[in-house]
Each structure stands twice: as C-alpha cells, then as structure tokens.
$ cat upload_22.pdb   # PDB, C-alpha atoms
ATOM      1  CA  MET A  52     133.966  97.645 113.874
ATOM      2  CA  LEU A  53     134.893  94.258 115.319
ATOM      3  CA  GLU A  54     131.906  94.407 117.658
ATOM      4  CA  LYS A  55     129.530  95.224 114.803
ATOM      5  CA  LYS A  56     130.949  92.391 112.700
ATOM      6  CA  SER A  57     130.598  89.768 115.421
ATOM      7  CA  GLN A  58     127.059  90.895 116.249
ATOM      8  CA  ASP A  59     126.026  90.390 112.627
ATOM      9  CA  GLU A  60     127.253  86.823 112.686
ATOM     10  CA  SER A  61     125.482  83.755 113.913
ATOM     11  CA  THR A  62     126.362  80.161 114.758
ATOM     12  CA  ARG A  63     123.920  77.275 114.489
ATOM     13  CA  MET A  64     124.238  73.708 115.661
ATOM     14  CA  VAL A  65     122.595  71.189 113.332
ATOM     15  CA  ILE A  66     121.688  68.079 115.294
ATOM     16  CA  LEU A  67     120.677  64.853 113.609
ATOM     17  CA  GLY A  68     118.034  62.839 115.430
ATOM     18  CA  PRO A  69     118.618  59.092 115.998
ATOM     19  CA  ASN A  70     116.281  58.174 113.106
ATOM     20  CA  ALA A  71     117.759  60.617 110.594
ATOM     21  CA  ASN A  72     118.255  59.479 106.994
ATOM     22  CA  LEU A  73     121.594  61.282 106.831
ATOM     23  CA  SER A  74     124.977  60.774 108.405
ATOM     24  CA  PRO A  75     126.960  63.800 109.658
ATOM     25  CA  ALA A  76     129.322  63.395 106.673
ATOM     26  CA  GLU A  77     126.426  63.436 104.193
ATOM     27  CA  LEU A  78     124.929  66.428 105.962
ATOM     28  CA  VAL A  79     128.176  68.398 105.741
ATOM     29  CA  HIS A  80     128.519  67.448 102.077
ATOM     30  CA  LYS A  81     124.997  68.706 101.350
ATOM     31  CA  ILE A  82     125.639  71.972 103.213
ATOM     32  CA  HIS A  83     128.830  72.486 101.199
ATOM     33  CA  MET A  84     126.830  71.906  98.012
ATOM     34  CA  MET A  85     124.610  74.899  98.853
ATOM     35  CA  GLY A  86     127.587  77.051  97.901
ATOM     36  CA  LEU A  87     127.049  79.609 100.643
ATOM     37  CA  PRO A  88     130.052  81.416 102.181
ATOM     38  CA  LEU A  89     129.736  79.760 105.597
ATOM     39  CA  THR A  90     132.145  78.077 107.978
ATOM     40  CA  ILE A  91     130.980  74.465 108.204
ATOM     41  CA  LYS A  92     132.284  72.086 110.822
ATOM     42  CA  SER A  93     131.496  68.404 110.954
ATOM     43  CA  THR A  94     130.702  67.160 114.463
ATOM     44  CA  CYS A  95     129.629  63.908 116.086
ATOM     45  CA  TYR A  96     126.021  65.142 116.462
ATOM     46  CA  GLY A  97     125.762  66.697 112.976
ATOM     47  CA  ALA A  98     127.347  69.979 111.992
ATOM     48  CA  LEU A  99     128.057  73.512 113.031
ATOM     49  CA  ILE A 100     127.496  76.409 110.649
ATOM     50  CA  HIS A 101     128.805  79.906 111.178
ATOM     51  CA  GLY A 102     128.614  83.059 109.113
ATOM     52  CA  GLU A 103     126.523  86.114 108.384
ATOM     53  CA  LYS A 104     123.175  85.982 110.149
ATOM     54  CA  GLU A 105     121.062  86.152 106.972
ATOM     55  CA  LEU A 106     123.049  83.422 105.259
ATOM     56  CA  VAL A 107     122.895  81.183 108.327
ATOM     57  CA  GLU A 108     119.111  81.649 108.503
ATOM     58  CA  ARG A 109     118.795  80.814 104.805
ATOM     59  CA  ALA A 110     120.970  77.734 105.185
ATOM     60  CA  ALA A 111     119.011  76.670 108.288
ATOM     61  CA  LYS A 112     115.722  76.696 106.357
ATOM     62  CA  GLU A 113     117.223  74.612 103.565
ATOM     63  CA  ILE A 114     118.890  72.197 106.004
ATOM     64  CA  ARG A 115     115.556  71.484 107.685
ATOM     65  CA  GLU A 116     114.160  70.426 104.307
ATOM     66  CA  PHE A 117     116.674  67.549 104.082
ATOM     67  CA  ASP A 118     114.773  65.622 106.754
ATOM     68  CA  PRO A 119     112.218  67.910 108.433
ATOM     69  CA  ASN A 120     111.300  65.698 111.392
ATOM     70  CA  ASN A 121     114.781  64.453 112.211
ATOM     71  CA  ILE A 122     116.941  67.557 111.930
ATOM     72  CA  PHE A 123     117.015  69.906 114.894
ATOM     73  CA  LEU A 124     118.608  73.329 115.015
ATOM     74  CA  LYS A 125     119.915  75.302 117.917
ATOM     75  CA  GLU A 126     121.675  78.636 118.197
ATOM     76  CA  ARG A 127     125.126  78.630 119.790
ATOM     77  CA  GLY A 128     126.696  81.546 121.630
ATOM     78  CA  PHE A 129     130.358  80.794 121.022
ATOM     79  CA  PRO A 130     131.759  80.708 117.471
ATOM     80  CA  PRO A 131     133.195  77.365 116.235
ATOM     81  CA  GLY A 132     136.726  76.592 117.369
ATOM     82  CA  ASP A 133     136.631  79.278 120.048
ATOM     83  CA  PRO A 134     139.553  78.439 122.401
ATOM     84  CA  ARG A 135     137.347  79.145 125.439
ATOM     85  CA  ARG A 136     134.977  76.341 124.483
ATOM     86  CA  CYS A 137     136.715  74.121 121.935
ATOM     87  CA  ARG A 138     137.708  70.854 123.625
ATOM     88  CA  ALA A 139     140.904  70.715 121.575
ATOM     89  CA  HIS A 140     142.174  73.594 123.693
ATOM     90  CA  ARG A 141     140.579  73.156 127.089
ATOM     91  CA  GLY A 142     140.127  69.387 127.273
ATOM     92  CA  GLY A 143     136.892  67.537 128.027
ATOM     93  CA  ALA A 144     133.467  68.223 126.630
ATOM     94  CA  ARG A 145     132.063  71.732 126.820
ATOM     95  CA  GLU A 146     129.078  72.380 129.097
ATOM     96  CA  GLY A 147     126.580  72.596 126.256
ATOM     97  CA  PHE A 148     127.533  69.098 125.134
ATOM     98  CA  HIS A 149     126.351  67.498 128.372
ATOM     99  CA  GLN A 150     122.995  69.157 127.923
ATOM    100  CA  LEU A 151     122.808  68.104 124.302
ATOM    101  CA  GLU A 152     123.588  64.558 125.390
ATOM    102  CA  LYS A 153     120.624  64.619 127.787
ATOM    103  CA  GLU A 154     118.195  66.087 125.294
ATOM    104  CA  PHE A 155     119.395  63.766 122.515
ATOM    105  CA  LYS A 156     117.842  60.828 124.383
ATOM    106  CA  LEU A 157     114.393  62.305 123.718
ATOM    107  CA  LEU A 158     114.933  63.408 120.113
ATOM    108  CA  GLY A 159     113.754  60.071 118.676
ATOM    109  CA  TYR A 160     110.401  60.462 120.444
ATOM    110  CA  VAL A 161     110.189  64.131 119.412
ATOM    111  CA  SER A 162     110.656  63.079 115.768
ATOM    112  CA  GLU A 163     107.917  60.469 116.194
ATOM    113  CA  ALA A 164     105.542  63.075 117.623
ATOM    114  CA  LEU A 165     106.341  65.506 114.811
ATOM    115  CA  SER A 166     105.626  62.892 112.144
ATOM    116  CA  LYS A 167     102.213  62.079 113.669
ATOM    117  CA  PRO A 168     100.859  65.409 114.964
ATOM    118  CA  GLN A 169      97.777  65.293 117.165
ATOM    119  CA  LYS A 170      95.595  68.017 118.637
ATOM    120  CA  VAL A 171      95.532  67.689 122.425
ATOM    121  CA  SER A 172      93.917  69.545 125.265
ATOM    122  CA  LEU A 173      96.174  71.950 127.132
ATOM    123  CA  TYR A 174      94.265  71.447 130.347
ATOM    124  CA  GLU A 175      95.171  68.818 132.905
ATOM    125  CA  LYS A 176      92.648  66.003 133.227
ATOM    126  CA  LYS A 177      90.873  66.255 136.577
ATOM    127  CA  ARG A 178      89.042  63.583 138.547
ATOM    128  CA  ILE A 179      85.278  64.002 138.513
ATOM    129  CA  ASP A 180      83.408  64.269 141.791
ATOM    130  CA  ILE A 181      81.363  61.339 143.138
ATOM    131  CA  LYS A 182      77.965  62.913 142.357
ATOM    132  CA  THR A 183      78.817  63.318 138.665
ATOM    133  CA  PHE A 184      80.239  59.800 138.524
ATOM    134  CA  LYS A 185      77.087  58.405 140.172
ATOM    135  CA  LYS A 186      74.908  60.255 137.645
ATOM    136  CA  ILE A 187      76.913  58.892 134.700
ATOM    137  CA  ALA A 188      76.713  55.365 136.143
ATOM    138  CA  GLU A 189      72.930  55.649 136.636
ATOM    139  CA  ASP A 190      72.457  56.934 133.080
ATOM    140  CA  ILE A 191      74.405  53.975 131.704
ATOM    141  CA  MET A 192      72.426  51.527 133.879
ATOM    142  CA  ARG A 193      69.137  52.923 132.497
ATOM    143  CA  VAL A 194      70.282  52.337 128.919
TER     144      VAL A 194
ATOM    145  CA  MET B 111     105.616  86.282 118.336
ATOM    146  CA  LYS B 112     108.496  86.246 120.786
ATOM    147  CA  VAL B 113     108.205  83.164 122.950
ATOM    148  CA  ALA B 114     110.252  82.859 126.129
ATOM    149  CA  ILE B 115     111.315  79.310 126.860
ATOM    150  CA  PHE B 116     112.432  77.826 130.118
ATOM    151  CA  PRO B 117     115.097  76.376 130.372
ATOM    152  CA  PRO B 118     116.202  79.148 127.996
ATOM    153  CA  ASN B 119     118.970  76.997 126.506
ATOM    154  CA  SER B 120     116.787  73.993 125.646
ATOM    155  CA  LEU B 121     117.285  72.528 122.169
ATOM    156  CA  ILE B 122     113.876  70.841 122.018
ATOM    157  CA  LEU B 123     111.901  73.925 123.061
ATOM    158  CA  ALA B 124     113.845  76.353 120.851
ATOM    159  CA  ASP B 125     113.518  74.062 117.838
ATOM    160  CA  LEU B 126     109.777  73.478 118.259
ATOM    161  CA  VAL B 127     109.080  77.212 118.662
ATOM    162  CA  GLU B 128     111.107  78.029 115.565
ATOM    163  CA  ARG B 129     109.366  75.341 113.508
ATOM    164  CA  LYS B 130     106.055  77.123 114.075
ATOM    165  CA  GLY B 131     107.473  80.426 112.827
ATOM    166  CA  HIS B 132     107.827  82.117 116.213
ATOM    167  CA  GLU B 133     111.000  83.594 117.643
ATOM    168  CA  PRO B 134     112.366  81.676 120.643
ATOM    169  CA  LEU B 135     113.974  83.962 123.231
ATOM    170  CA  ILE B 136     117.057  81.892 123.840
ATOM    171  CA  LEU B 137     119.983  82.467 126.089
ATOM    172  CA  GLN B 138     122.620  81.827 123.442
ATOM    173  CA  LYS B 139     121.800  85.054 121.608
ATOM    174  CA  GLU B 140     122.429  87.065 124.777
ATOM    175  CA  ILE B 141     125.567  85.077 125.588
ATOM    176  CA  ARG B 142     126.839  85.702 122.082
ATOM    177  CA  LYS B 143     126.699  89.467 122.696
ATOM    178  CA  LYS B 144     128.886  88.958 125.745
ATOM    179  CA  VAL B 145     131.447  86.555 124.363
ATOM    180  CA  THR B 146     132.024  88.440 121.129
ATOM    181  CA  ASP B 147     132.379  91.854 122.765
ATOM    182  CA  PRO B 148     136.021  92.936 122.282
ATOM    183  CA  GLU B 149     135.836  95.132 125.376
ATOM    184  CA  ILE B 150     135.503  92.155 127.685
ATOM    185  CA  ASP B 151     138.999  90.693 127.851
ATOM    186  CA  SER B 152     138.860  88.405 130.898
ATOM    187  CA  LEU B 153     136.648  85.716 129.419
ATOM    188  CA  PRO B 154     135.004  83.435 130.398
ATOM    189  CA  PHE B 155     134.457  85.676 133.429
ATOM    190  CA  ASN B 156     132.377  87.705 131.074
ATOM    191  CA  ILE B 157     130.633  89.975 133.483
ATOM    192  CA  THR B 158     131.107  93.711 133.632
ATOM    193  CA  GLN B 159     130.474  96.107 136.507
ATOM    194  CA  GLU B 160     127.227  97.144 134.880
ATOM    195  CA  ASP B 161     125.708  93.675 134.868
ATOM    196  CA  PRO B 162     125.013  93.258 138.607
ATOM    197  CA  LEU B 163     123.549  96.785 138.510
ATOM    198  CA  LYS B 164     121.192  95.759 135.706
ATOM    199  CA  GLY B 165     120.349  92.691 137.751
ATOM    200  CA  LEU B 166     119.239  94.943 140.632
ATOM    201  CA  LYS B 167     116.050  95.561 138.713
ATOM    202  CA  TYR B 168     115.108  91.929 139.272
ATOM    203  CA  ALA B 169     116.811  90.926 142.535
ATOM    204  CA  ALA B 170     117.544  92.869 145.710
ATOM    205  CA  ILE B 171     121.025  93.974 146.790
ATOM    206  CA  GLU B 172     121.362  91.255 149.457
ATOM    207  CA  VAL B 173     120.793  88.542 146.858
ATOM    208  CA  PRO B 174     124.074  86.842 145.812
ATOM    209  CA  SER B 175     125.814  88.593 142.923
ATOM    210  CA  GLY B 176     125.622  85.381 140.877
ATOM    211  CA  VAL B 177     121.837  85.630 140.850
ATOM    212  CA  ARG B 178     121.940  89.301 139.922
ATOM    213  CA  GLY B 179     124.536  88.653 137.237
ATOM    214  CA  ARG B 180     122.409  85.899 135.716
ATOM    215  CA  MET B 181     119.249  87.997 135.993
ATOM    216  CA  SER B 182     120.955  90.778 134.030
ATOM    217  CA  ILE B 183     120.935  88.336 131.099
ATOM    218  CA  PHE B 184     117.635  86.526 131.729
ATOM    219  CA  GLY B 185     115.658  89.632 132.770
ATOM    220  CA  PRO B 186     115.663  91.447 129.418
ATOM    221  CA  LEU B 187     114.644  88.187 127.696
ATOM    222  CA  ILE B 188     111.667  87.815 130.031
ATOM    223  CA  GLU B 189     110.628  91.433 129.390
ATOM    224  CA  GLU B 190     110.550  90.860 125.641
ATOM    225  CA  ALA B 191     108.269  87.806 125.902
ATOM    226  CA  ASP B 192     104.819  87.759 124.293
ATOM    227  CA  ALA B 193     104.227  84.180 125.468
ATOM    228  CA  ALA B 194     106.140  81.580 127.470
ATOM    229  CA  ILE B 195     106.705  77.839 127.676
ATOM    230  CA  ILE B 196     108.024  76.598 131.016
ATOM    231  CA  MET B 197     109.368  73.087 131.397
ATOM    232  CA  GLU B 198     109.798  72.146 135.031
ATOM    233  CA  ASP B 199     112.120  69.531 136.518
ATOM    234  CA  ALA B 200     114.548  69.623 133.618
ATOM    235  CA  PRO B 201     117.453  67.350 134.593
ATOM    236  CA  PHE B 202     120.205  69.613 133.318
ATOM    237  CA  GLY B 203     121.731  72.473 135.207
ATOM    238  CA  PHE B 204     124.940  73.379 133.469
ATOM    239  CA  GLY B 205     126.632  76.754 133.065
ATOM    240  CA  CYS B 206     124.099  79.547 132.986
ATOM    241  CA  MET B 207     121.337  77.250 134.240
ATOM    242  CA  GLY B 208     123.386  76.073 137.224
ATOM    243  CA  CYS B 209     121.739  78.359 139.785
ATOM    244  CA  SER B 210     118.492  77.005 141.145
ATOM    245  CA  ARG B 211     117.478  80.264 142.867
ATOM    246  CA  THR B 212     117.851  82.200 139.602
ATOM    247  CA  ASN B 213     115.740  79.577 137.843
ATOM    248  CA  GLU B 214     112.997  79.980 140.453
ATOM    249  CA  LEU B 215     113.132  83.749 140.089
ATOM    250  CA  CYS B 216     112.857  83.490 136.287
ATOM    251  CA  VAL B 217     109.795  81.250 136.510
ATOM    252  CA  TYR B 218     108.291  83.672 139.045
ATOM    253  CA  TYR B 219     108.785  86.653 136.705
ATOM    254  CA  LEU B 220     107.355  84.738 133.763
ATOM    255  CA  ARG B 221     104.258  83.858 135.789
ATOM    256  CA  GLN B 222     103.909  87.472 136.923
ATOM    257  CA  LYS B 223     103.939  88.675 133.347
ATOM    258  CA  LYS B 224     100.422  88.579 131.965
ATOM    259  CA  VAL B 225     101.175  86.564 128.850
ATOM    260  CA  PRO B 226      99.906  83.143 127.713
ATOM    261  CA  ILE B 227     101.953  80.484 129.488
ATOM    262  CA  LEU B 228     102.215  76.755 128.924
ATOM    263  CA  GLU B 229     103.614  74.863 131.904
ATOM    264  CA  LEU B 230     104.891  71.330 131.432
ATOM    265  CA  LYS B 231     106.928  68.716 133.214
ATOM    266  CA  TYR B 232     110.159  67.531 131.602
ATOM    267  CA  PRO B 233     109.235  64.242 129.869
ATOM    268  CA  ARG B 234     110.850  60.996 131.035
ATOM    269  CA  SER B 235     109.293  58.461 128.657
ATOM    270  CA  ARG B 236     108.101  58.031 125.074
ATOM    271  CA  GLU B 237     104.436  58.690 125.923
ATOM    272  CA  GLU B 238     105.248  61.795 127.953
ATOM    273  CA  THR B 239     107.497  63.185 125.215
ATOM    274  CA  ILE B 240     104.827  62.713 122.533
ATOM    275  CA  GLU B 241     102.251  64.410 124.752
ATOM    276  CA  VAL B 242     104.597  67.319 125.533
ATOM    277  CA  VAL B 243     105.423  67.885 121.840
ATOM    278  CA  ASN B 244     101.726  67.818 120.881
ATOM    279  CA  LYS B 245     100.868  70.216 123.709
ATOM    280  CA  ILE B 246     103.594  72.661 122.640
ATOM    281  CA  ASN B 247     102.458  72.528 119.018
ATOM    282  CA  THR B 248      98.804  73.032 119.987
ATOM    283  CA  PHE B 249      99.773  75.979 122.221
ATOM    284  CA  LEU B 250     101.835  77.591 119.451
ATOM    285  CA  ASP B 251      99.060  77.062 116.864
ATOM    286  CA  ARG B 252      96.610  78.684 119.228
ATOM    287  CA  LEU B 253      98.929  81.678 119.671
ATOM    288  CA  GLU B 254      99.084  82.054 115.913
ATOM    289  CA  ALA B 255      95.298  81.800 115.569
ATOM    290  CA  GLU B 256      94.712  84.394 118.297
ATOM    291  CA  ASN B 257      97.301  86.882 117.137
ATOM    292  CA  GLY B 258      97.385  86.286 113.393
TER     293      GLY B 258
END
$ encode --input "upload_22.pdb" --output "structure tokens"
Amino acid sequence: MLEKKSQDESTRMVILGPNANLSPAELVHKIHMMGLPLTIKSTCYGALIHGEKELVERAAKEIREFDPNNIFLKERGFPPGDPRRCRAHRGGAREGFHQLEKEFKLLGYVSEALSKPQKVSLYEKKRIDIKTFKKIAEDIMRV
Amino acid sequence: MKVAIFPPNSLILADLVERKGHEPLILQKEIRKKVTDPEIDSLPFNITQEDPLKGLKYAAIEVPSGVRGRMSIFGPLIEEADAAIIMEDAPFGFGCMGCSRTNELCVYYLRQKKVPILELKYPRSREETIEVVNKINTFLDRLEAENG
C-alpha cells in the first residue's frame, strides 16, 4: 500500500532563471493560489512541489505559463524534507544542488535562446577542399 | 516520444525535451522508485542483491559492482529510448553520474541503439549555449515531424 502510494506521487523542482519576472516568494504565493492539494516548499532557487502525479503535472503546466522562458522544471527523486537529503538533517548542500548551481550559470543564455528561436543545421560545418575553394574564387573573379 | 538524455540528470536537457511535448527519460524517476520503496531499509545504500544481477545484462562479471549497479538503473532507461540527446564533457559528476566508466558505457549503448541521436558538447559560453538550445529544439521538432 505504502509502495503504491509513493509510486503515484511526484516531486518537481521549479527553478527560476536569472531573468525571471518573479521572486521565489511570489512564485510560491501564485502556486498556493492555484488551490491544489500539493506540498509547496519555498527554496532559494524557486520552489519544490510534491503531491499526486496528475496534480503535479497539472500544476507544472500552469507554473510554466507564469514566465514560459524563465521558469525551468526538473523532476526530483527524493521527496521534500527527506532526512536522507534535507540539509537541515545531514548538513551541507545535497549533491543535486551542486549540479543545479553549475547549470544555473547557463540558464540566462537558455532563456535568451528560447525567446529568440532559430532554425539551425544539425550537421557540423566542415572545411571545403582546395579545389572547391579555387572554383568559388574563380567564379567570383569572373563576375 | 521517449527521449533519453545524457547526462540523465540534466535540468537543461530534461526541461527542453519536456517543453516540446516529449518524455525525457530521466534518472530521478528511477531513483524515486528506489528511495520510496519501503522494502529497502538501509538507505542511501539503496541497492538490492538483484540490482548487480540486472546490471550483468550490460556489463560483464569482472566489471566493478558499482558500474553494474549503476547500469541496472541506466540500462532500462536506455532500452526505452526512441531517440537520444548526448551532451559530452559535462562538468558535473555528482552522485549517480560520478562514475566515468559507467558514463562511457551508457554513451556506447546509446550509440549502438539504432535511434536518432543528437551529440553535442557542453556549452561554455553564451554563443555556444544559444547554438546548443537551437540545435536541441530543431532536433526535437524534426522528431515530431517524422513521427507525428
């Protein structure tokens, strides 16, 4: 029973990018205003939401709408306040925080790219061989 | 579509895949199954006898048990993948991603699987990040166009 219950639950980290229009406090307030039966925890990077999978998914979609290009969501394995991970119990930041810290440095640029999407080639640019280059140069010279 | 990402615990990759309506195959979902299982009482040493045996499918018996243990979690994720995004030279190697040999083995299995793969280098600057994000979005759009 306990196993089934925990498998039906989900935890999401809501991370605010550096250019977000919201503060973590405002974000938490807005999530509370949704009126969903979720556990909401305010954190330095944004918020943590925990509850039934369907409700968390629904909340996640609505949270993205607050600031689509500056709010990032990530699943978390451990539930909030879990004594095995919570720094209040074990001291020091948890492992996932160090990674978040690293990736956070790029989030501003990711937001910028999302706000100005461009179609790009997936292939690596290769150097052309000398013959082709010579031909292009000759064609230009003729013009 | 189910898209495997590497590193499988990356925030940026998981978020971008989800934005495009695909399902990112992330490590946290597998870890959750382990850490919320009431039968495992010696956490965080959350490995059971069965896990290294499951890992044998992906790594030989003489391979360190840490690799096999990790592969028992990564392996099923790789098998589910319909496409993959691999980001090389990621600067983080914490927790589950702390074993370089396992990471190499995962990338090897992803390449062996005949699915569309996008390989990128971890971005270090603004220009590189913008290019990487656009490449990922183009790749995911193409997947959607090809598979509906």
$ residues_around --input "upload_22.pdb" --residues "Thr62 (chain A)" --least-positions-apart "4" --cutoff "12 Å" --atoms "all atoms listed in the file" --output "MDAnalysis selection string"
(chainID A and resid 57:58 89:92 98:108 110:111 124:133) or (chainID B and resid 138:139 141:142 146)
$ atom_distance --input "upload_22.pdb" --atom1 "CA of Pro134 (chain A)" --atom2 "CA of Cys95 (chain A)"
18.7 Å
$ closest_residue --input "upload_22.pdb" --among "A:Leu67, A:Leu157, A:Leu173, A:Ala76" --to "Ile227 (chain B)" --atoms "only C-alpha atoms"
A:Leu173
$ resolve_selection --input "upload_22.pdb" --expression "the ChimeraX specification (/A :<10) & /B" --output "ChimeraX atom specification"
/B:119-126,128-129,136-149,153-154,200-206,228-230,233-249,251
$ residues_around --input "upload_22.pdb" --residues "Gly179 (chain B)" --least-positions-apart "6" --cutoff "6 Å" --atoms "only C-alpha atoms" --output "VMD selection string"
chain B and resid 161 to 162 165
$ residues_around --input "upload_22.pdb" --residues "region 71-74 of chain A" --least-positions-apart "2" --cutoff "8 Å" --atoms "all atoms listed in the file" --output "list in words"
Leu67, Gly68, Pro69, Ala76, Glu77, Leu78, Gly97, Asp118, Asn121 and Ile122 of chain A
$ resolve_selection --input "upload_22.pdb" --expression "the PyMOL selection byres ((chain B and resi 134) around 8)" --output "CSV table (one decimal) with C-alpha atoms, in the frame of the given file"
chain,number,residue,atom,x,y,z
B,112,LYS,CA,108.5,86.2,120.8
B,113,VAL,CA,108.2,83.2,123.0
B,114,ALA,CA,110.3,82.9,126.1
B,115,ILE,CA,111.3,79.3,126.9
B,124,ALA,CA,113.8,76.4,120.9
B,127,VAL,CA,109.1,77.2,118.7
B,128,GLU,CA,111.1,78.0,115.6
B,132,HIS,CA,107.8,82.1,116.2
B,133,GLU,CA,111.0,83.6,117.6
B,135,LEU,CA,114.0,84.0,123.2
B,136,ILE,CA,117.1,81.9,123.8
$ residues_around --input "upload_22.pdb" --residues "Leu166 (chain B)" --least-positions-apart "5" --cutoff "12 Å" --atoms "only C-alpha atoms" --output "VMD selection string"
chain B and resid 160 to 161 171 to 183 185
$ resolve_selection --input "upload_22.pdb" --expression "the PyMOL selection byres ((chain B and resi 220) around 9)" --output "PDB file with C-alpha atoms, in the coordinates of the input"
ATOM      1  CA  ALA B 114     110.252  82.859 126.129  1.00  0.00           C
ATOM      2  CA  ILE B 188     111.667  87.815 130.031  1.00  0.00           C
ATOM      3  CA  GLU B 189     110.628  91.433 129.390  1.00  0.00           C
ATOM      4  CA  ALA B 191     108.269  87.806 125.902  1.00  0.00           C
ATOM      5  CA  ALA B 193     104.227  84.180 125.468  1.00  0.00           C
ATOM      6  CA  ALA B 194     106.140  81.580 127.470  1.00  0.00           C
ATOM      7  CA  ILE B 196     108.024  76.598 131.016  1.00  0.00           C
ATOM      8  CA  LEU B 215     113.132  83.749 140.089  1.00  0.00           C
ATOM      9  CA  CYS B 216     112.857  83.490 136.287  1.00  0.00           C
ATOM     10  CA  VAL B 217     109.795  81.250 136.510  1.00  0.00           C
ATOM     11  CA  TYR B 218     108.291  83.672 139.045  1.00  0.00           C
ATOM     12  CA  TYR B 219     108.785  86.653 136.705  1.00  0.00           C
ATOM     13  CA  ARG B 221     104.258  83.858 135.789  1.00  0.00           C
ATOM     14  CA  GLN B 222     103.909  87.472 136.923  1.00  0.00           C
ATOM     15  CA  LYS B 223     103.939  88.675 133.347  1.00  0.00           C
ATOM     16  CA  LYS B 224     100.422  88.579 131.965  1.00  0.00           C
ATOM     17  CA  VAL B 225     101.175  86.564 128.850  1.00  0.00           C
ATOM     18  CA  ILE B 227     101.953  80.484 129.488  1.00  0.00           C
TER      19      ILE B 227
END
$ atom_distance --input "upload_22.pdb" --atom1 "CA of Phe117 (chain A)" --atom2 "CA of Lys81 (chain A)"
8.8 Å
$ atom_distance --input "upload_22.pdb" --atom1 "CA of Arg141 (chain A)" --atom2 "CA of Leu187 (chain B)"
30.0 Å
$ closest_residue --input "upload_22.pdb" --among "A:Asn70, A:Lys185, A:Met85, A:Arg178" --to "Glu113 (chain A)" --atoms "only C-alpha atoms"
A:Met85
$ closest_residue --input "upload_22.pdb" --among "A:Lys176, A:Lys186, A:Ile82, A:Tyr96" --to "Glu116 (chain A)" --atoms "all atoms listed in the file"
A:Ile82
$ build_atoms --input "upload_22.pdb" --residues "region 216-234 of chain B" --atoms "N, CA and C atoms" --output "JSON list (two decimals), in the coordinates of the input"
[["chain", "number", "residue", "atom", "x", "y", "z"],
["B", 216, "CYS", "N", 113.26, 83.33, 137.70],
["B", 216, "CYS", "CA", 112.86, 83.49, 136.29],
["B", 216, "CYS", "C", 111.43, 82.99, 136.09],
["B", 217, "VAL", "N", 111.14, 81.81, 136.65],
["B", 217, "VAL", "CA", 109.80, 81.25, 136.51],
["B", 217, "VAL", "C", 108.79, 82.17, 137.19],
["B", 218, "TYR", "N", 109.17, 82.74, 138.33],
["B", 218, "TYR", "CA", 108.29, 83.67, 139.04],
["B", 218, "TYR", "C", 107.97, 84.88, 138.16],
["B", 219, "TYR", "N", 109.00, 85.47, 137.55],
["B", 219, "TYR", "CA", 108.78, 86.65, 136.71],
["B", 219, "TYR", "C", 107.95, 86.32, 135.48],
["B", 220, "LEU", "N", 108.16, 85.13, 134.93],
["B", 220, "LEU", "CA", 107.36, 84.74, 133.76],
["B", 220, "LEU", "C", 105.88, 84.59, 134.14],
["B", 221, "ARG", "N", 105.65, 84.03, 135.34],
["B", 221, "ARG", "CA", 104.26, 83.86, 135.79],
["B", 221, "ARG", "C", 103.61, 85.20, 136.09],
["B", 222, "GLN", "N", 104.43, 86.15, 136.60],
["B", 222, "GLN", "CA", 103.91, 87.47, 136.92],
["B", 222, "GLN", "C", 103.51, 88.25, 135.67],
["B", 223, "LYS", "N", 104.21, 87.98, 134.60],
["B", 223, "LYS", "CA", 103.94, 88.68, 133.35],
["B", 223, "LYS", "C", 102.62, 88.14, 132.78],
["B", 224, "LYS", "N", 101.75, 89.03, 132.42],
["B", 224, "LYS", "CA", 100.42, 88.58, 131.96],
["B", 224, "LYS", "C", 100.46, 88.19, 130.48],
["B", 225, "VAL", "N", 101.11, 87.08, 130.23],
["B", 225, "VAL", "CA", 101.18, 86.56, 128.85],
["B", 225, "VAL", "C", 100.73, 85.10, 128.87],
["B", 226, "PRO", "N", 100.28, 84.57, 127.73],
["B", 226, "PRO", "CA", 99.91, 83.14, 127.71],
["B", 226, "PRO", "C", 101.10, 82.26, 128.09],
["B", 227, "ILE", "N", 100.86, 81.36, 129.03],
["B", 227, "ILE", "CA", 101.95, 80.48, 129.49],
["B", 227, "ILE", "C", 101.53, 79.02, 129.39],
["B", 228, "LEU", "N", 102.44, 78.20, 128.92],
["B", 228, "LEU", "CA", 102.22, 76.76, 128.92],
["B", 228, "LEU", "C", 103.22, 76.15, 129.90],
["B", 229, "GLU", "N", 102.71, 75.47, 130.92],
["B", 229, "GLU", "CA", 103.61, 74.86, 131.90],
["B", 229, "GLU", "C", 103.59, 73.35, 131.74],
["B", 230, "LEU", "N", 104.77, 72.77, 131.66],
["B", 230, "LEU", "CA", 104.89, 71.33, 131.43],
["B", 230, "LEU", "C", 105.92, 70.74, 132.37],
["B", 231, "LYS", "N", 105.88, 69.42, 132.46],
["B", 231, "LYS", "CA", 106.93, 68.72, 133.21],
["B", 231, "LYS", "C", 107.90, 68.13, 132.20],
["B", 232, "TYR", "N", 109.18, 68.10, 132.53],
["B", 232, "TYR", "CA", 110.16, 67.53, 131.60],
["B", 232, "TYR", "C", 109.83, 66.06, 131.38],
["B", 233, "PRO", "N", 109.66, 65.63, 130.11],
["B", 233, "PRO", "CA", 109.24, 64.24, 129.87],
["B", 233, "PRO", "C", 110.32, 63.21, 130.18],
["B", 234, "ARG", "N", 109.89, 62.06, 130.68],
["B", 234, "ARG", "CA", 110.85, 61.00, 131.04],
["B", 234, "ARG", "C", 110.65, 59.75, 130.18]]
